[in-house]
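A.B. asks: Below is upload-v9.csv; it holds CSV, C-alpha atoms.
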chain,number,residue,atom,x,y,z
N,1,MET,CA,35.2,-27.5,147.1
N,2,VAL,CA,32.7,-26.5,144.4
N,3,GLY,CA,33.1,-22.9,143.2
N,4,THR,CA,30.6,-20.1,143.5
N,5,LEU,CA,28.3,-19.0,140.7
N,6,VAL,CA,26.9,-15.5,140.1
N,7,ILE,CA,24.4,-14.8,137.4
N,8,LEU,CA,23.9,-11.3,136.1
N,9,ARG,CA,21.3,-10.0,133.7
N,10,HIS,CA,22.7,-7.3,131.4
N,11,GLY,CA,22.0,-3.7,132.3
N,12,GLU,CA,19.1,-1.9,130.7
N,13,SER,CA,19.4,-1.7,126.9
N,14,THR,CA,18.1,1.0,124.6
N,15,TRP,CA,15.2,-1.3,123.6
N,16,ASN,CA,14.5,-2.2,127.2
N,17,ARG,CA,14.1,1.5,127.8
N,18,GLN,CA,11.7,1.8,124.8
N,19,ASN,CA,9.8,-1.4,126.0
N,20,LEU,CA,10.4,-3.3,122.8
N,21,PHE,CA,10.8,-7.1,122.3
N,22,THR,CA,14.5,-7.5,121.7
N,23,GLY,CA,15.5,-11.1,121.5
N,24,TRP,CA,18.5,-11.8,119.3
N,25,HIS,CA,18.4,-8.2,117.9
N,26,ASP,CA,21.7,-6.6,118.9
N,27,VAL,CA,21.3,-3.3,120.7
N,28,PRO,CA,23.6,-1.3,123.1
N,29,LEU,CA,23.2,-0.5,126.7
N,30,SER,CA,21.4,2.7,127.7
N,31,GLU,CA,23.3,5.1,130.0
N,32,LYS,CA,21.3,3.7,132.8
N,33,GLY,CA,22.3,0.2,131.7
N,34,ARG,CA,26.0,1.1,131.8
N,35,ALA,CA,25.6,2.5,135.3
N,36,GLU,CA,23.8,-0.7,136.4
N,37,ALA,CA,26.7,-2.8,135.1
N,38,ILE,CA,29.3,-0.7,136.9
N,39,GLU,CA,27.2,-0.8,140.1
N,40,ALA,CA,26.8,-4.6,139.8
N,41,GLY,CA,30.6,-4.9,139.8
N,42,ARG,CA,30.9,-2.7,142.8
N,43,THR,CA,28.2,-4.7,144.6
N,44,MET,CA,30.0,-8.0,143.8
N,45,SER,CA,33.4,-6.5,144.9
N,46,GLY,CA,31.8,-5.2,148.1
N,47,VAL,CA,30.9,-8.7,149.3
N,48,GLY,CA,34.4,-10.0,148.5
N,49,LEU,CA,33.7,-11.8,145.3
N,50,ARG,CA,36.6,-12.5,142.9
N,51,PHE,CA,36.1,-14.6,139.8
N,52,ASP,CA,38.3,-17.0,137.9
N,53,VAL,CA,36.3,-17.0,134.6
N,54,ALA,CA,33.2,-15.4,133.1
N,55,HIS,CA,30.7,-16.4,130.4
N,56,THR,CA,28.5,-14.2,128.2
N,57,SER,CA,26.3,-14.4,125.1
N,58,LEU,CA,27.3,-13.0,121.7
N,59,LEU,CA,25.0,-10.0,122.2
N,60,GLU,CA,26.6,-6.6,122.9
N,61,ARG,CA,24.4,-5.7,125.9
N,62,ALA,CA,25.7,-8.8,127.7
N,63,VAL,CA,29.3,-8.5,126.5
N,64,VAL,CA,29.6,-4.9,127.6
N,65,THR,CA,27.8,-5.5,130.9
N,66,CYS,CA,30.3,-8.2,131.7
N,67,HIS,CA,33.2,-6.0,130.7
N,68,LEU,CA,32.0,-3.0,132.8
N,69,ALA,CA,31.3,-5.1,135.8
N,70,LEU,CA,34.7,-6.7,135.7
N,71,GLU,CA,36.4,-3.4,135.1
N,72,SER,CA,34.8,-1.9,138.2
N,73,MET,CA,36.1,-5.0,140.1
N,74,GLY,CA,39.6,-4.6,138.8
N,75,GLN,CA,39.3,-7.9,136.9
N,76,VAL,CA,39.0,-6.7,133.3
N,77,TRP,CA,41.9,-9.0,132.4
N,78,MET,CA,40.0,-12.1,133.3
N,79,PRO,CA,39.2,-14.8,130.7
N,80,VAL,CA,35.7,-14.5,129.2
N,81,GLU,CA,34.0,-17.2,127.2
N,82,ARG,CA,31.2,-16.3,124.8
N,83,SER,CA,28.5,-18.6,123.4
N,84,TRP,CA,25.4,-18.2,121.3
N,85,ARG,CA,23.8,-20.7,123.7
N,86,LEU,CA,23.6,-17.9,126.3
N,87,ASN,CA,21.7,-15.5,123.9
N,88,GLU,CA,18.4,-14.1,124.8
N,89,ARG,CA,15.3,-16.0,123.6
N,90,HIS,CA,14.5,-15.4,120.0
N,91,TYR,CA,11.2,-13.5,119.9
N,92,GLY,CA,10.5,-14.3,116.2
N,93,ALA,CA,8.2,-11.8,114.5
N,94,LEU,CA,7.8,-9.9,117.8
N,95,GLN,CA,11.3,-8.6,117.7
N,96,GLY,CA,11.2,-4.8,117.5
N,97,LEU,CA,7.5,-4.5,118.5
N,98,ASP,CA,6.3,-2.5,121.5
N,99,LYS,CA,5.2,-4.8,124.3
N,100,LYS,CA,2.2,-2.8,125.4
N,101,ALA,CA,1.0,-2.3,121.8
N,102,THR,CA,1.3,-6.0,121.3
N,103,THR,CA,-0.9,-6.6,124.3
N,104,GLU,CA,-3.5,-4.2,123.0
N,105,LYS,CA,-3.5,-5.9,119.6
N,106,HIS,CA,-3.4,-9.5,120.6
N,107,GLY,CA,-4.8,-9.4,124.1
N,108,PRO,CA,-3.1,-10.0,127.5
N,109,GLU,CA,-3.6,-13.8,127.6
N,110,LEU,CA,-1.8,-14.5,124.2
N,111,THR,CA,0.9,-11.9,124.8
N,112,LYS,CA,1.6,-13.3,128.2
N,113,ALA,CA,1.8,-16.8,126.7
N,114,TRP,CA,4.3,-15.5,124.1
N,115,ARG,CA,6.4,-13.7,126.8
N,116,ARG,CA,6.2,-16.1,129.8
N,117,SER,CA,4.8,-19.6,128.9
N,118,TYR,CA,7.1,-22.6,128.8
N,119,ASP,CA,6.2,-24.0,125.4
N,120,VAL,CA,4.3,-21.4,123.3
N,121,PRO,CA,6.7,-19.7,120.8
N,122,PRO,CA,5.8,-16.4,119.1
N,123,PRO,CA,5.2,-16.4,115.4
N,124,PRO,CA,8.5,-17.1,113.5
N,125,VAL,CA,10.4,-14.8,111.2
N,126,ASP,CA,11.1,-15.8,107.6
N,127,ARG,CA,14.7,-17.0,106.8
N,128,SER,CA,15.0,-13.9,104.5
N,129,SER,CA,14.3,-11.5,107.4
N,130,PRO,CA,17.2,-9.5,108.8
N,131,GLU,CA,15.9,-10.7,112.2
N,132,HIS,CA,16.7,-14.3,111.3
N,133,PRO,CA,20.2,-15.2,112.7
N,134,ILE,CA,21.1,-17.1,109.5
N,135,ASN,CA,21.7,-13.6,108.1
N,136,ASP,CA,24.0,-12.5,110.9
N,137,PRO,CA,27.7,-13.1,110.2
N,138,ARG,CA,28.4,-13.9,113.9
N,139,TYR,CA,26.5,-17.2,113.5
N,140,SER,CA,27.9,-18.1,110.1
N,141,ARG,CA,29.9,-21.0,111.5
N,142,LEU,CA,26.9,-22.7,113.1
N,143,ALA,CA,24.8,-25.3,111.5
N,144,PRO,CA,21.8,-23.5,110.0
N,145,ASP,CA,19.4,-25.9,111.6
N,146,VAL,CA,20.3,-24.8,115.1
N,147,LEU,CA,19.5,-21.2,114.4
N,148,PRO,CA,16.0,-20.3,115.5
N,149,ALA,CA,13.3,-18.3,113.7
N,150,SER,CA,11.4,-18.1,117.1
N,151,GLU,CA,11.8,-19.7,120.5
N,152,CYS,CA,9.7,-20.6,123.6
N,153,LEU,CA,11.4,-21.0,126.9
N,154,LYS,CA,11.6,-24.8,126.4
N,155,ASP,CA,13.8,-24.1,123.4
N,156,VAL,CA,16.1,-21.9,125.4
N,157,VAL,CA,16.4,-24.6,128.1
N,158,ASP,CA,17.3,-27.1,125.5
N,159,ARG,CA,20.2,-24.9,124.3
N,160,VAL,CA,21.4,-23.5,127.6
N,161,LEU,CA,21.6,-26.7,129.6
N,162,PRO,CA,24.2,-28.4,127.3
N,163,TYR,CA,26.4,-25.3,127.8
N,164,TRP,CA,25.8,-25.5,131.6
N,165,TYR,CA,26.9,-29.1,131.7
N,166,ASP,CA,29.8,-28.9,129.2
N,167,ALA,CA,31.4,-25.6,130.0
N,168,ILE,CA,30.3,-24.3,133.4
N,169,VAL,CA,29.9,-27.3,135.6
N,170,PRO,CA,33.5,-28.6,135.0
N,171,GLN,CA,34.8,-25.2,136.1
N,172,LEU,CA,32.6,-25.2,139.2
N,173,ARG,CA,33.7,-28.7,140.1
N,174,ALA,CA,37.3,-27.6,139.7
N,175,GLY,CA,36.7,-25.0,142.4
N,176,LEU,CA,36.5,-22.0,140.1
N,177,ASP,CA,34.3,-19.0,140.9
N,178,VAL,CA,32.2,-18.3,137.8
N,179,LEU,CA,30.3,-15.2,136.5
N,180,VAL,CA,27.6,-15.7,133.9
N,181,THR,CA,26.3,-12.5,132.3
N,182,ALA,CA,23.4,-13.1,130.0
N,183,HIS,CA,19.7,-12.3,129.5
N,184,GLY,CA,16.3,-12.5,131.1
N,185,ASN,CA,15.2,-15.7,129.4
N,186,SER,CA,18.5,-17.5,129.1
N,187,LEU,CA,19.0,-16.9,132.9
N,188,ARG,CA,15.3,-17.9,133.6
N,189,ALA,CA,16.2,-21.2,131.8
N,190,LEU,CA,19.2,-21.7,134.0
N,191,VAL,CA,17.4,-20.7,137.2
N,192,MET,CA,14.5,-23.0,136.4
N,193,HIS,CA,17.1,-25.9,136.3
N,194,LEU,CA,19.1,-24.8,139.4
N,195,GLU,CA,16.1,-24.1,141.6
N,196,GLY,CA,13.8,-26.8,140.4
N,197,ILE,CA,11.0,-24.3,139.3
N,198,SER,CA,8.0,-25.9,137.6
N,199,ARG,CA,6.8,-25.2,134.1
N,200,ASP,CA,3.8,-23.3,135.5
N,201,ASP,CA,5.7,-21.3,138.1
N,202,ILE,CA,8.4,-20.2,135.8
N,203,ALA,CA,5.9,-17.8,134.1
N,204,GLU,CA,6.0,-15.6,137.2
N,205,LEU,CA,9.8,-15.4,137.5
N,206,ASN,CA,11.2,-12.0,136.5
N,207,ILE,CA,14.9,-11.4,136.6
N,208,PRO,CA,15.9,-7.7,137.0
N,209,THR,CA,18.6,-6.0,135.0
N,210,GLY,CA,21.9,-5.4,136.7
N,211,ALA,CA,21.2,-7.4,139.9
N,212,PRO,CA,23.8,-10.1,140.7
N,213,ARG,CA,22.4,-13.4,142.1
N,214,ARG,CA,24.9,-15.7,143.9
N,215,TYR,CA,24.7,-19.5,144.2
N,216,ARG,CA,26.5,-21.7,146.6
N,217,PHE,CA,26.5,-25.5,146.0
N,218,ALA,CA,27.0,-28.7,147.8
N,219,ASP,CA,29.5,-31.2,146.3
N,220,ASP,CA,26.8,-32.8,144.2
N,221,LEU,CA,26.0,-29.3,142.7
N,222,SER,CA,22.6,-29.0,144.5
N,223,VAL,CA,21.9,-25.5,145.5
N,224,ILE,CA,22.4,-24.8,149.2
N,225,GLU,CA,22.1,-21.0,149.0
N,226,SER,CA,20.9,-18.5,146.5
N,227,ALA,CA,20.2,-14.8,146.9
N,228,TYR,CA,20.4,-11.5,145.1
N,229,LEU,CA,23.2,-9.2,146.2
N,230,GLY,CA,22.6,-5.5,147.1
N,231,ASP,CA,19.6,-3.7,148.3
N,232,ALA,CA,16.7,-6.1,148.5
N,233,SER,CA,13.9,-3.5,148.0
N,234,ALA,CA,15.6,-2.1,144.9
N,235,VAL,CA,15.9,-5.6,143.4
N,236,ALA,CA,12.3,-6.3,144.2
N,237,ALA,CA,11.2,-3.1,142.5
N,238,ALA,CA,13.3,-3.8,139.4
N,239,ALA,CA,11.8,-7.3,139.1
N,240,ALA,CA,8.3,-5.8,139.4
N,241,ALA,CA,9.1,-3.4,136.6
N,242,VAL,CA,10.0,-6.3,134.4
N,243,ALA,CA,6.6,-7.9,135.1
N,244,ARG,CA,4.8,-4.7,134.1
N,245,GLN,CA,6.4,-4.3,130.7
N,246,ALA,CA,3.5,-5.8,128.7
N,247,GLY,CA,1.0,-3.6,130.5
N,248,ALA,CA,-1.1,-6.5,131.7
Take the structure in the file and give it back as structure tokens.
C.D. replies:
Amino acid sequence: MVGTLVILRHGESTWNRQNLFTGWHDVPLSEKGRAEAIEAGRTMSGVGLRFDVAHTSLLERAVVTCHLALESMGQVWMPVERSWRLNERHYGALQGLDKKATTEKHGPELTKAWRRSYDVPPPPVDRSSPEHPINDPRYSRLAPDVLPASECLKDVVDRVLPYWYDAIVPQLRAGLDVLVTAHGNSLRALVMHLEGISRDDIAELNIPTGAPRRYRFADDLSVIESAYLGDASAVAAAAAAVARQAGA
């Protein structure tokens, strides 16, 4: 029998709270974000979920969310695999900028294209910038040409799906139950694939922080059931808050 998958966007980060473009910039969880992570674990435990393996990105907000959720489930000992391929989308020169201020400066149409379109990347950062991952020691063993100066969602799909097929799918096929704790855009890329969402419709998909989403699969790994766990009205309100971040 194919295992169950749960995806979980990290809890609110300090830059989420300040409404800044974060991308690959490493920031901690806010106090609210830590509480969201703990509550996500309680929600998953409350519906009887137990995991065999977990996956996170290399960014603190995802790593700590995963740890806190598993700790509240009594599974902090569980194997966790980490990969840069699950990192948030690199926002290029937008990283660190206020989302509403960016909308006011560049207009809602261009800002939405940068935030939500499938194939329009933001302006890139220079390789000398501290925002370029080539200057971060955690990526020093990767080939420089895979490290982005900016990404659109298509770029994120292109790096997430190989990890899905190579690392996660074999575990699901082996009957393992898998938790993936990542980011708004790396999870949008995965959901786009799993649920067959079109390039146009993906612009309107907003993934809330700290809300576990469970997938059950047929033997061929087609999705037979997907739903957020927990209070539906709270999840909807959180997703709507994500949509309002740019002020457009």
A.B. asks: One decimal, Å: what's the distance from CA of Val157 in chain N over to CA of Gly230 in chain N, could you say?
C.D. replies: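 So the two atoms, CA of Val157 in chain N and CA of Gly230 in chain N, lie 27.6 Å apart.
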A.B. asks: Which residues are near range 58-69 of chain N? Cut-off 9 Å, all atoms listed in the file, ignore same chain within fewer than 5 positions. Put them as a compact mmCIF listing (two decimals) with C-alpha atoms, keeping the file's coordinate frame.
C.D. replies:
# COMPACT_ATOMS: atom_id res chain seq x y z
CA LEU N 8 23.90 -11.30 136.10
CA ARG N 9 21.30 -10.00 133.70
CA HIS N 10 22.70 -7.30 131.40
CA GLY N 11 22.00 -3.70 132.30
CA GLU N 12 19.10 -1.90 130.70
CA SER N 13 19.40 -1.70 126.90
CA TRP N 24 18.50 -11.80 119.30
CA HIS N 25 18.40 -8.20 117.90
CA ASP N 26 21.70 -6.60 118.90
CA VAL N 27 21.30 -3.30 120.70
CA PRO N 28 23.60 -1.30 123.10
CA LEU N 29 23.20 -0.50 126.70
CA GLY N 33 22.30 0.20 131.70
CA ARG N 34 26.00 1.10 131.80
CA ALA N 35 25.60 2.50 135.30
CA GLU N 36 23.80 -0.70 136.40
CA ALA N 37 26.70 -2.80 135.10
CA ILE N 38 29.30 -0.70 136.90
CA GLU N 39 27.20 -0.80 140.10
CA ALA N 40 26.80 -4.60 139.80
CA GLY N 41 30.60 -4.90 139.80
CA ARG N 42 30.90 -2.70 142.80
CA MET N 44 30.00 -8.00 143.80
CA GLY N 74 39.60 -4.60 138.80
CA GLN N 75 39.30 -7.90 136.90
CA VAL N 76 39.00 -6.70 133.30
CA VAL N 80 35.70 -14.50 129.20
CA ARG N 82 31.20 -16.30 124.80
CA SER N 83 28.50 -18.60 123.40
CA TRP N 84 25.40 -18.20 121.30
CA ARG N 85 23.80 -20.70 123.70
CA LEU N 86 23.60 -17.90 126.30
CA ASN N 87 21.70 -15.50 123.90
CA GLU N 88 18.40 -14.10 124.80
CA ARG N 138 28.40 -13.90 113.90
CA LEU N 179 30.30 -15.20 136.50
CA VAL N 180 27.60 -15.70 133.90
CA THR N 181 26.30 -12.50 132.30
CA ALA N 182 23.40 -13.10 130.00
CA HIS N 183 19.70 -12.30 129.50
CA GLY N 210 21.90 -5.40 136.70
A.B. asks: Find, counting all atoms listed in the file, the residue in N:Ala218, N:Leu49, N:Met73, N:Val125 that gets nearest to Arg173 in chain N.
C.D. replies: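 Of N:Ala218, N:Leu49, N:Met73, N:Val125, the one nearest Arg173 in chain N, counting all atoms listed in the file, is N:Ala218.
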A.B. asks: Between CA of His55 in chain N and CA of His90 in chain N, measure the distance and give it in Å to one decimal.
C.D. replies: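 Going from CA of His55 in chain N over to CA of His90 in chain N, I get 19.3 Å.
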A.B. asks: Determine, counting all atoms listed in the file, which protein, DNA and RNA residues have an atom within 8 Å of an atom of Val156 in chain N; residues of the same chain fewer than 2 positions away are not included. Present the result as a list in words.
C.D. replies: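 The contact residues come out as Arg85, Arg89, Glu151, Cys152, Leu153, Lys154, Asp158, Arg159, Val160, Asn185, Ser186 and Ala189 of chain N.
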A.B. asks: Give me a file of those residues, with C-alpha atoms, as a PDB file, in the coordinates of the input.
C.D. replies:
ATOM      1  CA  ARG N  85      23.800 -20.700 123.700  1.00  0.00           C
ATOM      2  CA  ARG N  89      15.300 -16.000 123.600  1.00  0.00           C
ATOM      3  CA  GLU N 151      11.800 -19.700 120.500  1.00  0.00           C
ATOM      4  CA  CYS N 152       9.700 -20.600 123.600  1.00  0.00           C
ATOM      5  CA  LEU N 153      11.400 -21.000 126.900  1.00  0.00           C
ATOM      6  CA  LYS N 154      11.600 -24.800 126.400  1.00  0.00           C
ATOM      7  CA  ASP N 158      17.300 -27.100 125.500  1.00  0.00           C
ATOM      8  CA  ARG N 159      20.200 -24.900 124.300  1.00  0.00           C
ATOM      9  CA  VAL N 160      21.400 -23.500 127.600  1.00  0.00           C
ATOM     10  CA  ASN N 185      15.200 -15.700 129.400  1.00  0.00           C
ATOM     11  CA  SER N 186      18.500 -17.500 129.100  1.00  0.00           C
ATOM     12  CA  ALA N 189      16.200 -21.200 131.800  1.00  0.00           C
TER      13      ALA N 189
END
A.B. asks: What's around range 127-130 of chain N at 12 Å? Count all atoms listed in the file, leave out sequence neighbours fewer than 6 positions away in its own chain, and write the answer as number ranges by chain.
C.D. replies: N: 24-26, 92-93, 95-96, 136-137, 144-145, 147-150
A.B. asks: Quick check, in Å to one decimal: how far apart do CA of Glu109 in chain N and CA of Arg17 in chain N lie?
C.D. replies: 23.4 Å
A.B. asks: Which residue, N:Asn135, N:Arg216, N:Arg115, N:Gly175, has the smallest gap to Asp52 in chain N when you use all atoms listed in the file?
C.D. replies: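 Smallest distance to Asp52 in chain N is found for N:Gly175.
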